[in-house]
Amino acid sequence: MPRTPLITSPASQPRRAPLRRRTLMTGLVGAVGLTAACSAGSGSDGTGGSDGGGAAEGFPLELANCEATLRFDAPPERIVLLESAPVTTLDGIGVLDRVVSRAGAFPPGYYEEDLAARIEVIPALSEDIDASGHLQISQEMVIAQEPDIVFGLPNGVTREALAVAGAAVMVQDIYCGTTEERASFETLYTTISTYGKVFGRTEEAGSLVAALLERVAAVSESAQDLSTATAAVLYPSLGGGPLYTYGSGSMVTAQLDALGIENVFADTDERVFEISAEPLLAADPDVLIVLYQGEDDGSDVTEEMIAQDQLSGLRAVQEQAVLPLLFNFAEPASPLVVDGLERIHEWLLEQEG
C-alpha cells in the first residue's frame, strides 16, 4: 500500500500510524536544496533570485513535510506532478507553467475549460492506474524529468532517491498521519501558504487564501437555514471491495462543519476507515455523499455500492438524497474542496427546494 495516496484511491485512504522516521545524512538533505533551481531564474520579482545573483527573498528555506525536512535554496523551477490535487493551488499562485510532466488521473471535471486545456498539454508520463486506484510508475522515469520538486509519492518512488537526484518531495499534510486534530479549512490555508513560501509567491498565496476565506464564509452564512442535520461521506471500492467512510481527520468533516451538518462518523479521529453496512444503517444519515474518480457522473459507482453493500434501506437512498462527488472536491486540502463545498451546498438547496 502506498505511503501516501497518489490519486487518493480507497485502498490508500485508511489512516496509518506515523511514518517511520528516517535519519537522513546531512549530505542527502543538502541534495534536496534543488541544484537545478539554484541556477535557474535571475529576476528581481522574488520568484527566481535577484539581479545581483544573490538568494531570492525568503531563501534558503527549510520546512517540515511529514517525516522529512526539506531545504530549498531557491524557488523550484521544474515540477513533476504525481497526483492531481496540487493543480489548482499551483495555478492559483501562478506557477503551473513550471510543471514539466504529470502522471496519474486529471479528470477535466475538476477544472474550468481554460485550465483543463493547459493541463492537457503537459506531457503525461503514465496514466497506468491499478485496480485499487494507485499510480504505476517507475522511479527512473520520474528522475529522468530532472525535477526540482515532485508532488506525490507512489510505491517504488522514495524521498531518498529523489533527493540524491536533486528533487524534494511534497506530500499532502493531511496524509502524513501525524495528527489527530479535527480537520478544518485552516489546513487548506496553511497548505497554500506553504506553497507560496516554497515558490516565492507569498503575496499570490495570501490573495488566494483571502478569496477562499470569503467563499467559505459566504456558504456558511447561507447554509444556516438548511434543515439537513446529518450526513455520511463514503468511498466505495469497485468490483466488490471494501467500503470506506471519513472521520474527523478528513476535509469532508471540515466541509460538513462549514454547512452546519453533523458527520455521523466524526466521533472517530481517523481520517478514513473501512466500514460495514451495519453501522451505516444504524446511523441512517439524512444524506449520503459518495466520492468517486473518473470522467463519468459517478452514478454507476453509487448504484454498485448500494447494491453490493445492501444499503437500499437507508433513508437517504429511499429519498434519493445521494450526491456523487469527484474525489478531489472533498480531499485533500486544495481550492477544489471549496468548489466541493459550494457544490454540496447548491445540491442541498435543490434537495430542500
# chains A, B, ... in the order shown; residues from 1 in each chain; ligands from 1
$ select_by_dssp --residues "region 109-216 of chain A" --states "alpha helix (DSSP H)" --output "PyMOL selection string"
chain A and resi 113-120+139-143+159-164+185-198+202-216
$ residues_around --residues "region 201-208 of chain A" --least-positions-apart "6" --cutoff "12 Å" --atoms "only C-alpha atoms" --output "MDAnalysis selection string"
chainID A and resid 45:48 56:58 74:76 88:95 188:195 214:215 334:335 338
$ write_last_selection --atoms "C-alpha atoms" --output "compact mmCIF listing (two decimals), in the first residue's frame"
# COMPACT_ATOMS: atom_id res chain seq x y z
CA ASP A 45 10.47 39.61 -8.63
CA GLY A 46 11.23 37.21 -5.81
CA THR A 47 10.50 34.15 -7.93
CA GLY A 48 13.93 33.13 -9.11
CA ALA A 56 15.76 35.06 -3.57
CA GLU A 57 13.89 36.66 -0.68
CA GLY A 58 12.95 34.05 1.91
CA ALA A 74 15.71 28.92 -4.43
CA PRO A 75 12.15 28.60 -5.75
CA PRO A 76 11.74 25.33 -7.70
CA THR A 88 -5.41 24.42 -8.51
CA THR A 89 -3.06 25.67 -5.80
CA LEU A 90 -0.13 25.87 -8.21
CA ASP A 91 -2.35 27.63 -10.74
CA GLY A 92 -3.70 29.97 -8.09
CA ILE A 93 -0.22 31.20 -7.15
CA GLY A 94 0.88 31.41 -10.78
CA VAL A 95 3.42 28.59 -11.12
CA LEU A 188 -6.14 24.35 3.34
CA TYR A 189 -4.98 27.88 4.10
CA THR A 190 -1.77 26.58 5.68
CA THR A 191 -1.09 24.37 2.66
CA ILE A 192 -1.48 27.30 0.27
CA SER A 193 0.76 29.45 2.45
CA THR A 194 3.43 26.75 2.40
CA TYR A 195 3.31 26.51 -1.40
CA GLU A 214 -14.68 34.82 1.57
CA ARG A 215 -16.23 31.95 -0.34
CA SER A 334 -6.80 22.26 -2.17
CA PRO A 335 -9.00 25.03 -3.58
CA VAL A 338 -14.06 24.97 -1.62
$ residues_around --residues "Glu180 (chain A)" --least-positions-apart "5" --cutoff "10 Å" --atoms "only C-alpha atoms" --output "PyMOL selection string"
chain A and resi 248-249+268-271
$ residues_around --residues "Glu342 (chain A)" --least-positions-apart "6" --cutoff "12 Å" --atoms "only C-alpha atoms" --output "ChimeraX atom specification"
/A:212,215-220,222-223,255-256,258-259,325,329-330,335-336,348-349
$ write_last_selection --atoms "N, CA, C and O atoms" --output "PDB file, in the first residue's frame"
ATOM      1  N   LEU A 212     -10.592  32.502  -0.908  1.00  0.00           N
ATOM      2  CA  LEU A 212     -11.225  31.274  -0.448  1.00  0.00           C
ATOM      3  C   LEU A 212     -11.931  31.487   0.892  1.00  0.00           C
ATOM      4  O   LEU A 212     -13.013  30.930   1.125  1.00  0.00           O
ATOM      5  N   ARG A 215     -15.289  32.927   0.211  1.00  0.00           N
ATOM      6  CA  ARG A 215     -16.227  31.949  -0.342  1.00  0.00           C
ATOM      7  C   ARG A 215     -16.751  30.996   0.736  1.00  0.00           C
ATOM      8  O   ARG A 215     -17.950  30.683   0.780  1.00  0.00           O
ATOM      9  N   VAL A 216     -15.854  30.531   1.613  1.00  0.00           N
ATOM     10  CA  VAL A 216     -16.276  29.631   2.687  1.00  0.00           C
ATOM     11  C   VAL A 216     -17.236  30.353   3.625  1.00  0.00           C
ATOM     12  O   VAL A 216     -18.270  29.792   4.037  1.00  0.00           O
ATOM     13  N   ALA A 217     -16.930  31.594   3.955  1.00  0.00           N
ATOM     14  CA  ALA A 217     -17.799  32.366   4.843  1.00  0.00           C
ATOM     15  C   ALA A 217     -19.179  32.579   4.215  1.00  0.00           C
ATOM     16  O   ALA A 217     -20.213  32.500   4.907  1.00  0.00           O
ATOM     17  N   ALA A 218     -19.218  32.829   2.912  1.00  0.00           N
ATOM     18  CA  ALA A 218     -20.494  33.049   2.224  1.00  0.00           C
ATOM     19  C   ALA A 218     -21.357  31.793   2.262  1.00  0.00           C
ATOM     20  O   ALA A 218     -22.578  31.865   2.496  1.00  0.00           O
ATOM     21  N   VAL A 219     -20.742  30.638   2.046  1.00  0.00           N
ATOM     22  CA  VAL A 219     -21.501  29.386   2.101  1.00  0.00           C
ATOM     23  C   VAL A 219     -22.011  29.141   3.515  1.00  0.00           C
ATOM     24  O   VAL A 219     -23.176  28.767   3.719  1.00  0.00           O
ATOM     25  N   SER A 220     -21.154  29.330   4.518  1.00  0.00           N
ATOM     26  CA  SER A 220     -21.552  29.078   5.905  1.00  0.00           C
ATOM     27  C   SER A 220     -22.733  29.945   6.312  1.00  0.00           C
ATOM     28  O   SER A 220     -23.664  29.484   6.980  1.00  0.00           O
ATOM     29  N   SER A 222     -25.001  31.301   4.275  1.00  0.00           N
ATOM     30  CA  SER A 222     -26.189  30.892   3.528  1.00  0.00           C
ATOM     31  C   SER A 222     -26.745  29.567   4.027  1.00  0.00           C
ATOM     32  O   SER A 222     -27.949  29.315   3.922  1.00  0.00           O
ATOM     33  N   ALA A 223     -25.851  28.706   4.577  1.00  0.00           N
ATOM     34  CA  ALA A 223     -26.268  27.358   4.979  1.00  0.00           C
ATOM     35  C   ALA A 223     -27.001  27.329   6.312  1.00  0.00           C
ATOM     36  O   ALA A 223     -27.480  26.278   6.729  1.00  0.00           O
ATOM     37  N   GLN A 255     -15.853  20.412   5.616  1.00  0.00           N
ATOM     38  CA  GLN A 255     -16.930  20.878   4.740  1.00  0.00           C
ATOM     39  C   GLN A 255     -18.286  20.803   5.444  1.00  0.00           C
ATOM     40  O   GLN A 255     -19.071  21.753   5.399  1.00  0.00           O
ATOM     41  N   LEU A 256     -18.556  19.658   6.074  1.00  0.00           N
ATOM     42  CA  LEU A 256     -19.844  19.499   6.747  1.00  0.00           C
ATOM     43  C   LEU A 256     -19.964  20.463   7.925  1.00  0.00           C
ATOM     44  O   LEU A 256     -21.046  21.011   8.176  1.00  0.00           O
ATOM     45  N   ALA A 258     -18.700  23.423   8.060  1.00  0.00           N
ATOM     46  CA  ALA A 258     -18.997  24.741   7.474  1.00  0.00           C
ATOM     47  C   ALA A 258     -20.467  24.851   7.087  1.00  0.00           C
ATOM     48  O   ALA A 258     -21.033  25.954   7.068  1.00  0.00           O
ATOM     49  N   LEU A 259     -21.098  23.729   6.785  1.00  0.00           N
ATOM     50  CA  LEU A 259     -22.503  23.716   6.401  1.00  0.00           C
ATOM     51  C   LEU A 259     -23.429  23.538   7.600  1.00  0.00           C
ATOM     52  O   LEU A 259     -24.664  23.541   7.445  1.00  0.00           O
ATOM     53  N   LEU A 325     -19.741  12.683  -5.926  1.00  0.00           N
ATOM     54  CA  LEU A 325     -18.849  13.837  -5.957  1.00  0.00           C
ATOM     55  C   LEU A 325     -17.436  13.371  -6.297  1.00  0.00           C
ATOM     56  O   LEU A 325     -16.918  12.446  -5.664  1.00  0.00           O
ATOM     57  N   PHE A 329     -12.870  17.058  -4.951  1.00  0.00           N
ATOM     58  CA  PHE A 329     -13.768  18.085  -4.435  1.00  0.00           C
ATOM     59  C   PHE A 329     -13.970  17.928  -2.927  1.00  0.00           C
ATOM     60  O   PHE A 329     -14.619  18.770  -2.294  1.00  0.00           O
ATOM     61  N   ALA A 330     -13.427  16.846  -2.361  1.00  0.00           N
ATOM     62  CA  ALA A 330     -13.564  16.605  -0.926  1.00  0.00           C
ATOM     63  C   ALA A 330     -12.224  16.399  -0.229  1.00  0.00           C
ATOM     64  O   ALA A 330     -12.087  16.721   0.942  1.00  0.00           O
ATOM     65  N   PRO A 335      -7.835  24.182  -3.277  1.00  0.00           N
ATOM     66  CA  PRO A 335      -9.000  25.030  -3.583  1.00  0.00           C
ATOM     67  C   PRO A 335     -10.203  24.248  -4.091  1.00  0.00           C
ATOM     68  O   PRO A 335     -11.338  24.732  -4.012  1.00  0.00           O
ATOM     69  N   LEU A 336      -9.986  23.046  -4.607  1.00  0.00           N
ATOM     70  CA  LEU A 336     -11.106  22.238  -5.080  1.00  0.00           C
ATOM     71  C   LEU A 336     -12.069  21.875  -3.958  1.00  0.00           C
ATOM     72  O   LEU A 336     -13.256  21.636  -4.221  1.00  0.00           O
ATOM     73  N   LEU A 348     -27.766  20.635  -1.752  1.00  0.00           N
ATOM     74  CA  LEU A 348     -28.657  20.593  -0.596  1.00  0.00           C
ATOM     75  C   LEU A 348     -29.825  21.566  -0.761  1.00  0.00           C
ATOM     76  O   LEU A 348     -30.970  21.246  -0.387  1.00  0.00           O
ATOM     77  N   LEU A 349     -29.552  22.751  -1.312  1.00  0.00           N
ATOM     78  CA  LEU A 349     -30.626  23.714  -1.552  1.00  0.00           C
ATOM     79  C   LEU A 349     -31.641  23.146  -2.532  1.00  0.00           C
ATOM     80  O   LEU A 349     -32.861  23.308  -2.352  1.00  0.00           O
TER      81      LEU A 349
END
$ closest_atom_pairs --of "region 263-297 of chain A" --to "region 117-137 of chain A" --cutoff "12 Å" --atoms "only C-alpha atoms" --output "JSON lines"
{"residue": "A:Tyr292", "atom": "CA", "partner": "A:Gly133", "partner_atom": "CA", "distance": 10.5}
{"residue": "A:Gln293", "atom": "CA", "partner": "A:Gly133", "partner_atom": "CA", "distance": 8.7}
{"residue": "A:Gly294", "atom": "CA", "partner": "A:Gly133", "partner_atom": "CA", "distance": 10.2}
$ closest_residue --among "A:Met141, A:Ala307, A:Val290, A:Val337" --to "Ala85 (chain A)" --atoms "only C-alpha atoms"
A:Val337
$ closest_residue --among "A:Val80, A:Val87, A:Cys66, A:Ala229" --to "Pro108 (chain A)" --atoms "only C-alpha atoms"
A:Val87
$ residues_around --residues "Ile289 (chain A)" --least-positions-apart "5" --cutoff "12 Å" --atoms "only C-alpha atoms" --output "number ranges by chain"
A: 230-236, 244-246, 252-253, 255-256, 263, 298-299, 301-302, 305, 316-317, 320-327, 329-330, 340-341, 343-345, 347-348
$ select_by_dssp --residues "region 143-322 of chain A" --states "strand (DSSP E or B)" --output "MDAnalysis selection string"
chainID A and resid 149:151 168:170 230:236 243:246 262:263 272:275 287:292 322
$ closest_residue --among "A:Ser237, A:Ser312, A:Gln139, A:Asn65" --to "Ala161 (chain A)" --atoms "only C-alpha atoms"
A:Gln139
$ closest_residue --among "A:Glu331, A:Asp286, A:Asp296, A:Asp339" --to "Glu262 (chain A)" --atoms "only C-alpha atoms"
A:Asp286
$ closest_residue --among "A:Glu221, A:Asp73, A:Glu62, A:Glu83" --to "Asn328 (chain A)" --atoms "only C-alpha atoms"
A:Glu83
